[in-house]
Amino acid sequence: MRNAVGVAAQQRRRNRRGGVVPEFWIGHRRYRTKEKAKEAVREVLYRYPIGSVVDQEDDHLLLMDLLDKHHEADDKIGSGVDAFAIAPPQRGPYPGFEVIRSDGSRIDFSYQTCLKPPTYRQQVMNVMRDEVKPDINVYFESRRLAGSLTSDQSGVPLDSNSTAVSYFRGPSFVVIAEEFAGTVGGWNAIEMTSSMEPGLGRFKDRQLAEQWCSDHWDRCVLGLLSSQENQRRPRR
């Protein structure tokens with residue numbers, strides 16, 4: 001069985017030999033190169049004075065998606081992200097980013113670390129999220145058609161353009177995905193197709209993909225939150 005990591009590495013080498021620079025993604029944002037993505041993050045970093053809170057929504061969302069790429073994202077996010085701040089230099093002359101958690105604690109994170117190539121586990125997790133998107137959309141549409149677009153946390157009415165489907169009431173997406181991977185032989189047993197989209201495409205074994213979607217649907221307990229409420233919760 002051919003390892004998808006090796007396939008991806010071969011593709012990168014072919015791209016370099018052919019003069020093709022691979023695109024880079026942060027969340028749904030596509031950048032022509034990794035350097036362009038880094039420039040976008042630096043632009044946020046240097047737009048705010050040291051010690052200030054990142055108060056622009058687009059900047060906050062970019063940093064949320066960036067933090068998700070950190071290999072210790074769960075530990076950095078902790079109780080949930082309330083805001084980001086510009087931290088003073090710790091080593092060297094340059095400032096950095098700091099997470100202000102929902103419980104009031106703070107922790108710094110390196111944007112350079114977030115921009116490193118994702119682990120195979122992270123790549124598979126991205127694909128797993130993409131595979132279940134149709135089910136997530138079905139859930140949202142069922143709530144919309146039923147006229148129940150209200151936050152399951154606060155009860156406030158929701159705008160369909162600022163509503164998030166969340167796992168806040170049951171097992172997290174990460175727990176569901178990790179336990180599924182364990183039942184099929186681990187992360188390396190899940191092969192992926194190559195793709196220019198975020199992550200590495202889709203499950204190569206479509207029967208396994210159906211098994212994953214069925215398992216996810218059976219176990220997930222979905223709910224609706226406002227986008228702002230969801231931003232402040234731990235990523236699940």
# chains A, B, ... in the order shown; residues from 1 in each chain; ligands from 1

$ residues_around --residues "A:Ala73" --least-positions-apart "2" --cutoff "10 Å" --atoms "only C-alpha atoms" --output "PyMOL selection string"
chain A and resi 64+66-71+75-78+109+114+234-235

$ select_by_dssp --residues "stretch 2-160 of chain A" --states "helix (DSSP H, G or I)" --output "VMD selection string"
chain A and resid 4 to 17 34 to 45 57 to 68 73 to 77 111 to 114 120 to 131 133 to 145 160

$ residues_around --residues "A:Arg169" --least-positions-apart "4" --cutoff "12 Å" --atoms "only C-alpha atoms" --output "list in words"
Asp152, Gln153, Val165, Phe173, Arg219, Cys220, Val221, Leu222, Gly223, Leu224, Leu225, Arg233 and Arg236 of chain A

$ atom_distance --atom1 "atom CA of A:Gly201" --atom2 "atom CA of A:Ser226"
29.0 Å

$ residues_around --residues "A:Arg101" --least-positions-apart "4" --cutoff "7 Å" --atoms "only C-alpha atoms" --output "list in words"
Ile77, Gly78, Ser79, Gly80, Val81, Asp82, Ala83, Ser105 and Arg106 of chain A

$ write_last_selection --atoms "N, CA and C atoms" --output "compact mmCIF listing (two decimals), in the first residue's frame"
# COMPACT_ATOMS: atom_id res chain seq x y z
N ILE A 77 -5.07 26.35 22.89
CA ILE A 77 -6.45 26.87 22.96
C ILE A 77 -7.03 26.69 24.36
N GLY A 78 -6.74 25.56 24.98
CA GLY A 78 -7.19 25.34 26.35
C GLY A 78 -8.69 25.46 26.51
N SER A 79 -9.12 26.36 27.39
CA SER A 79 -10.55 26.53 27.69
C SER A 79 -11.31 27.23 26.57
N GLY A 80 -10.59 27.73 25.58
CA GLY A 80 -11.23 28.46 24.49
C GLY A 80 -10.54 29.80 24.27
N VAL A 81 -10.61 30.32 23.06
CA VAL A 81 -9.95 31.58 22.73
C VAL A 81 -10.92 32.73 22.89
N ASP A 82 -10.60 33.65 23.78
CA ASP A 82 -11.42 34.86 23.93
C ASP A 82 -10.92 35.94 22.98
N ALA A 83 -9.59 36.04 22.83
CA ALA A 83 -9.02 37.07 21.97
C ALA A 83 -7.54 36.74 21.73
N SER A 105 -6.51 33.09 31.34
CA SER A 105 -5.08 32.76 31.24
C SER A 105 -4.56 33.15 29.86
N ARG A 106 -3.25 33.27 29.75
CA ARG A 106 -2.61 33.67 28.50
C ARG A 106 -1.46 32.72 28.18

$ closest_residue --among "A:Thr163, A:Asn137, A:Ser102, A:Ser214" --to "A:Leu149" --atoms "only C-alpha atoms"
A:Thr163

$ closest_residue --among "A:Val174, A:Cys213, A:Val184, A:Leu61" --to "A:Asn126" --atoms "only C-alpha atoms"
A:Val174

$ closest_residue --among "A:Glu131, A:Leu45, A:Thr33, A:Ala181" --to "A:Arg206" --atoms "only C-alpha atoms"
A:Glu131

$ residues_around --residues "A:Ala37" --least-positions-apart "3" --cutoff "12 Å" --atoms "only C-alpha atoms" --output "list in words"
Pro22, Glu23, Phe24, Trp25, Ile26, Gly27, Arg29, Arg30, Tyr31, Arg32, Thr33, Lys34, Ala40, Val41, Arg42, Glu43, Val44, Leu62, Leu63, Leu66, Tyr111, Gln112, Cys114, Leu115 and Lys116 of chain A

$ closest_residue --among "A:Thr113, A:Gln90, A:Asn188, A:Ser166" --to "A:Phe203" --atoms "only C-alpha atoms"
A:Asn188

$ select_by_dssp --residues "stretch 60-146 of chain A" --states "strand (DSSP E)" --output "ChimeraX atom specification"
/A:81-87,96-101,106-109

$ atom_distance --atom1 "atom CA of A:Met192" --atom2 "atom CA of A:Ser110"
28.7 Å
